[in-house]
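Undergrad: Sharing a structure here in structure tokens format.
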Amino acid sequence: MKRTAPNLRHLRAFRSVAFHQSISRASEEVFLSQPAITQAIANIEKALDIELFLRRTDGVFLTDAGKLFLRRSERADYYLRTGVEEALAVSGAKKKNTFAKLDQLISGVQMRALIAVSETGNFSLAARSVGISQPSLYRAARDLERLSEITLFKKDSRGISLTPAAVVWARYAKLAFAELSQTYMEIEEFKGIDTGRIVVGTMPLARSYVLPSAINQVTHKRPGVEISVIDGRYEELLHGLRHGEIDLLIGALRDPPPIDDVVEEALFDDSLALIVRSGHPLENNENITIEQLSAYPWITPRSGSPTRVKFEALYAASPTLRPTSIIEASSLVLIRGLLMDSDRITILSAHQVRQEKEWGHLSLLSFNLTDAQRPIGLTMRKEWHPTASQAEFIDALRRAGRDVGAN
């Protein structure tokens with residue numbers, strides 16, 4: 001589904017018929033013959049395996065499935081039009097009369113070519129990922145440049161890169177195609193088939209309880225739903241979210257949100273603590289000083305993360321005491337291994353090591369961290385409309401978050 005280039009002209013015809021409730025009036029608007037429009041709608045219905053219109057003597061009217069498809073199609077069209085507008089603005093191109101119709105002239109193949117080149121940086125690899133010949137993809141990419149009169153591609157030492165205008169345009173094209181993928185899932189859900197897909201980007205804390213709990217809840221009710229979990233750095237996950245490759249993120253929230261096209265929702269407050277192995281020299285010390293902490297090697301998250309900020313704050317008043325032996329790591333498995341076989345100290349969520357503490361493997365130091373609480377929650381695209389299965393998954397995350405907060 002992701003690699004199929006939709007026929008954007010057919011989608012425009014569908015929307016026109018839905019608006020006018022008439023194939024003949026739609027024909028005049030989109031400059032397609034009535035038989036061509038009838039065939040276009042038939043092809044869409046065949047792909048979806050469901051009727052989108054009721055044909056009556058007084059017109060054609062959307063079915064409930066058709067209303068679902070129309071909503072997603074309109075949102076996809078919004079992203080395509082916005083992509084054109086933003087690309088033109090970024091390029092600094094002078095407005096021409098032809099630009100007003102540009103969003104109606106571009107094709108799905110051209111948009112897929114733009115996306116594929118942005119992901120691969122190579123026309124041959126892009127063609128392979130789309131499933132068409134290299135000459136066909138190259139022609140589609142260059143036709144897009146010709147239509148828009150914008151330079152989209154440039155050669156560099158690594159291959160083909162996108163101009164700033166093309167980067168913006170590719171992002172909105174991805175969001176448009178994500179909407180169309182959503183509609184296929186939504187139609188399947190409408191037919192009672194659990195074939196949806198949820199892609200969630202996760203940061204360390206959520207992996208220990210919240211995410212497993214939510215996944216088990218949803219897949220128990222909807223065993224056919226596919227859930228893909230992507231681990232990574234916050235910046236990489238945020239990029240995937242904003243480009244429609246990831247549906248939502250769960251983990252430590254940023255204050256304020258890093259960009260205005262995402263929204264955050266807090267699920268619970270997490271408390272940070274200083275963690276060591278059981279039997280650590282400082283384990284039973286009730287009055288630990290910053291000087292004592294400085295005498296030991298540390299494990300910290302990468303620079304820029306909320307937890308790393310807390311670590312740096314410990315030594316803000318006494319920078320000369322800041323430990324010089326530091327390992328940066330985010331993998332809980334690696335951190336556990338490093339702690340168990342050394343006298344290292346790390347700053348982590350107390351919740352993340354709850355089991356290890358109960359098993360007697362790790363301990364929390366008696367050191368008062370100021371402002372040790374941080375909100376854990378969801379980050380989503382501001383304009384994202386989840387499918388039914390995605391909405392149920394979000395509700396399951398909320399329930400799991402409340403359980404953590406209550407304990």
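All residue names refer to the structure tokens as shown: chains lettered A, B, ... in order, residues numbered from 1 in each chain, ligands numbered from 1 in order.
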Find the spatial neighbours of A:Pro306, counting only C-alpha atoms, within a cut-off of 10 Å - ignore same-chain residues fewer than 2 positions away - and output them as a PyMOL selection string.
TA: chain A and resi 252-255+301-304+308-311+374
Undergrad: Output the selection as a PDB file, in the first residue's frame - N, CA and C atoms for each residue.
TA:
ATOM      1  N   ALA A 252       9.554  10.677  27.553  1.00  0.00           N
ATOM      2  CA  ALA A 252       9.670  11.950  28.261  1.00  0.00           C
ATOM      3  C   ALA A 252       9.263  13.099  27.349  1.00  0.00           C
ATOM      4  N   LEU A 253       8.421  13.985  27.874  1.00  0.00           N
ATOM      5  CA  LEU A 253       7.946  15.123  27.088  1.00  0.00           C
ATOM      6  C   LEU A 253       8.953  16.265  27.146  1.00  0.00           C
ATOM      7  N   ARG A 254       8.893  17.099  26.137  1.00  0.00           N
ATOM      8  CA  ARG A 254       9.743  18.293  26.090  1.00  0.00           C
ATOM      9  C   ARG A 254       8.919  19.506  26.499  1.00  0.00           C
ATOM     10  N   ASP A 255       9.526  20.409  27.223  1.00  0.00           N
ATOM     11  CA  ASP A 255       8.841  21.613  27.672  1.00  0.00           C
ATOM     12  C   ASP A 255       9.663  22.840  27.300  1.00  0.00           C
ATOM     13  N   PRO A 301      22.649   9.697  29.852  1.00  0.00           N
ATOM     14  CA  PRO A 301      22.032   9.719  28.518  1.00  0.00           C
ATOM     15  C   PRO A 301      22.801  10.671  27.600  1.00  0.00           C
ATOM     16  N   ARG A 302      22.435  10.661  26.332  1.00  0.00           N
ATOM     17  CA  ARG A 302      23.080  11.541  25.374  1.00  0.00           C
ATOM     18  C   ARG A 302      22.766  13.000  25.671  1.00  0.00           C
ATOM     19  N   SER A 303      23.663  13.856  25.233  1.00  0.00           N
ATOM     20  CA  SER A 303      23.495  15.286  25.436  1.00  0.00           C
ATOM     21  C   SER A 303      22.192  15.764  24.807  1.00  0.00           C
ATOM     22  N   GLY A 304      21.486  16.627  25.530  1.00  0.00           N
ATOM     23  CA  GLY A 304      20.245  17.195  25.024  1.00  0.00           C
ATOM     24  C   GLY A 304      18.995  16.519  25.534  1.00  0.00           C
ATOM     25  N   ARG A 308      19.675  13.954  30.789  1.00  0.00           N
ATOM     26  CA  ARG A 308      21.043  14.500  30.761  1.00  0.00           C
ATOM     27  C   ARG A 308      21.053  15.921  31.320  1.00  0.00           C
ATOM     28  N   VAL A 309      20.006  16.669  31.038  1.00  0.00           N
ATOM     29  CA  VAL A 309      19.902  18.022  31.593  1.00  0.00           C
ATOM     30  C   VAL A 309      19.909  17.967  33.115  1.00  0.00           C
ATOM     31  N   LYS A 310      19.213  16.981  33.685  1.00  0.00           N
ATOM     32  CA  LYS A 310      19.187  16.831  35.147  1.00  0.00           C
ATOM     33  C   LYS A 310      20.580  16.507  35.683  1.00  0.00           C
ATOM     34  N   PHE A 311      21.296  15.650  34.961  1.00  0.00           N
ATOM     35  CA  PHE A 311      22.661  15.310  35.379  1.00  0.00           C
ATOM     36  C   PHE A 311      23.544  16.547  35.374  1.00  0.00           C
ATOM     37  N   ARG A 374       9.539  14.381  36.070  1.00  0.00           N
ATOM     38  CA  ARG A 374       9.388  14.810  34.680  1.00  0.00           C
ATOM     39  C   ARG A 374       8.143  14.140  34.110  1.00  0.00           C
TER      40      ARG A 374
END
Undergrad: Identify, on the basis of only C-alpha atoms, every residue whose closest approach to A:Arg354 does not exceed 12 Å; exclude the query and any residue fewer than 5 positions from it along the same chain; express the result as a list in words.
TA: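 Everything that qualifies: Leu205, Ser208, Tyr209, Ser271, Ala273, Ile275, Leu348, Ser349, Trp359, Gly360, His361, Leu362, Ser363, Leu364, Val404 and Asn407 of chain A.
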Undergrad: Please save N, CA and C atoms of the selected residues as a PDB file, in the first residue's frame.
TA:
ATOM      1  N   LEU A 205      11.767   4.820  29.032  1.00  0.00           N
ATOM      2  CA  LEU A 205      10.890   4.516  30.158  1.00  0.00           C
ATOM      3  C   LEU A 205       9.661   3.719  29.750  1.00  0.00           C
ATOM      4  N   SER A 208       9.273  -0.437  29.611  1.00  0.00           N
ATOM      5  CA  SER A 208       9.288  -1.382  30.722  1.00  0.00           C
ATOM      6  C   SER A 208       7.904  -1.835  31.154  1.00  0.00           C
ATOM      7  N   TYR A 209       6.888  -0.990  31.056  1.00  0.00           N
ATOM      8  CA  TYR A 209       5.544  -1.396  31.468  1.00  0.00           C
ATOM      9  C   TYR A 209       4.453  -0.811  30.587  1.00  0.00           C
ATOM     10  N   SER A 271       9.663   9.892  38.473  1.00  0.00           N
ATOM     11  CA  SER A 271      10.690  10.395  39.391  1.00  0.00           C
ATOM     12  C   SER A 271      12.049   9.819  39.039  1.00  0.00           C
ATOM     13  N   ALA A 273      16.071   9.029  39.851  1.00  0.00           N
ATOM     14  CA  ALA A 273      16.861   8.647  41.028  1.00  0.00           C
ATOM     15  C   ALA A 273      18.268   8.292  40.579  1.00  0.00           C
ATOM     16  N   ILE A 275      21.039   5.555  40.535  1.00  0.00           N
ATOM     17  CA  ILE A 275      20.987   4.102  40.589  1.00  0.00           C
ATOM     18  C   ILE A 275      22.406   3.528  40.614  1.00  0.00           C
ATOM     19  N   LEU A 348      18.434   7.604  36.443  1.00  0.00           N
ATOM     20  CA  LEU A 348      17.383   6.918  35.684  1.00  0.00           C
ATOM     21  C   LEU A 348      16.051   7.077  36.398  1.00  0.00           C
ATOM     22  N   SER A 349      15.005   6.692  35.690  1.00  0.00           N
ATOM     23  CA  SER A 349      13.703   6.580  36.314  1.00  0.00           C
ATOM     24  C   SER A 349      13.718   5.435  37.318  1.00  0.00           C
ATOM     25  N   TRP A 359      14.542  -7.561  42.915  1.00  0.00           N
ATOM     26  CA  TRP A 359      15.374  -8.768  42.875  1.00  0.00           C
ATOM     27  C   TRP A 359      16.681  -8.597  43.649  1.00  0.00           C
ATOM     28  N   GLY A 360      16.957  -7.381  44.106  1.00  0.00           N
ATOM     29  CA  GLY A 360      18.169  -7.142  44.867  1.00  0.00           C
ATOM     30  C   GLY A 360      19.402  -6.919  44.026  1.00  0.00           C
ATOM     31  N   HIS A 361      19.208  -6.588  42.744  1.00  0.00           N
ATOM     32  CA  HIS A 361      20.355  -6.378  41.862  1.00  0.00           C
ATOM     33  C   HIS A 361      20.827  -4.920  41.852  1.00  0.00           C
ATOM     34  N   LEU A 362      19.890  -4.002  41.926  1.00  0.00           N
ATOM     35  CA  LEU A 362      20.213  -2.580  41.888  1.00  0.00           C
ATOM     36  C   LEU A 362      19.602  -1.862  43.081  1.00  0.00           C
ATOM     37  N   SER A 363      20.177  -0.699  43.398  1.00  0.00           N
ATOM     38  CA  SER A 363      19.696   0.084  44.541  1.00  0.00           C
ATOM     39  C   SER A 363      19.587   1.556  44.174  1.00  0.00           C
ATOM     40  N   LEU A 364      18.751   2.260  44.915  1.00  0.00           N
ATOM     41  CA  LEU A 364      18.593   3.710  44.752  1.00  0.00           C
ATOM     42  C   LEU A 364      19.397   4.399  45.844  1.00  0.00           C
ATOM     43  N   VAL A 404       0.584   3.335  36.333  1.00  0.00           N
ATOM     44  CA  VAL A 404       1.918   3.716  36.811  1.00  0.00           C
ATOM     45  C   VAL A 404       1.826   4.872  37.792  1.00  0.00           C
ATOM     46  N   ASN A 407       0.712   3.909  41.204  1.00  0.00           N
ATOM     47  CA  ASN A 407       1.661   3.126  42.005  1.00  0.00           C
ATOM     48  C   ASN A 407       2.957   3.867  42.287  1.00  0.00           C
TER      49      ASN A 407
END
Undergrad: Atom CA of A:Ile227 and atom CA of A:Gly201, how far apart in Å?
TA: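 Atom-to-atom, atom CA of A:Gly201 to atom CA of A:Ile227, that is 10.8 Å.
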Undergrad: Ranking A:Ser27, A:Phe367, A:Ile327, A:Ala214 by minimum distance to A:Asp403 and counting only C-alpha atoms, which one comes first?
TA: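 Ranking A:Ser27, A:Phe367, A:Ile327, A:Ala214 by distance to A:Asp403, first place goes to A:Ala214.
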Undergrad: Need the shell around stretch 64-73 of chain A: protein/DNA/RNA residues with any atom at most 8 Å away, counting only C-alpha atoms. Skip same-chain ones fewer than 4 positions apart. Format as a PyMOL selection string?
TA: chain A and resi 11+15+18+50-53+77+179-180+182-183+186-187+190
Undergrad: Taking only C-alpha atoms into account, name the residue in A:Met111, A:Val210, A:Ile290, A:Leu144 that is nearest to A:Leu80.
TA: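 The closest residue to A:Leu80 is A:Met111.
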Undergrad: Please return, as a ChimeraX atom specification, all residues of stretch 169-256 of chain A that DSSP assigns to strand (DSSP E) on the basis of the backbone.
TA: /A:197-202,226-231,248-252
Undergrad: Between atom CA of A:Arg142 and atom CA of A:Asp103, what is the distance in Å, rounded to a tenth?
TA: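 Between these atoms lies a distance of 16.1 Å.
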Undergrad: Residues of stretch 59-151 of chain A classed as alpha helix (DSSP H) by DSSP on the backbone are to be reported as a PyMOL selection string.
TA: chain A and resi 64-91+102-105+108-120+123-130+134-148
Undergrad: Which one of A:Ile376, A:Leu397, A:Ala141, A:Ile132 sits closest to A:Lys154 if you count only C-alpha atoms?
TA: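 Between A:Ile376, A:Leu397, A:Ala141, A:Ile132, the residue approaching A:Lys154 most closely is A:Ala141.
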Undergrad: Could you tell me how far atom CA of A:Ser228 lies from atom CA of A:Ala113, in Å and to one decimal?
TA: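 Separation of atom CA of A:Ser228 and atom CA of A:Ala113: 25.1 Å.
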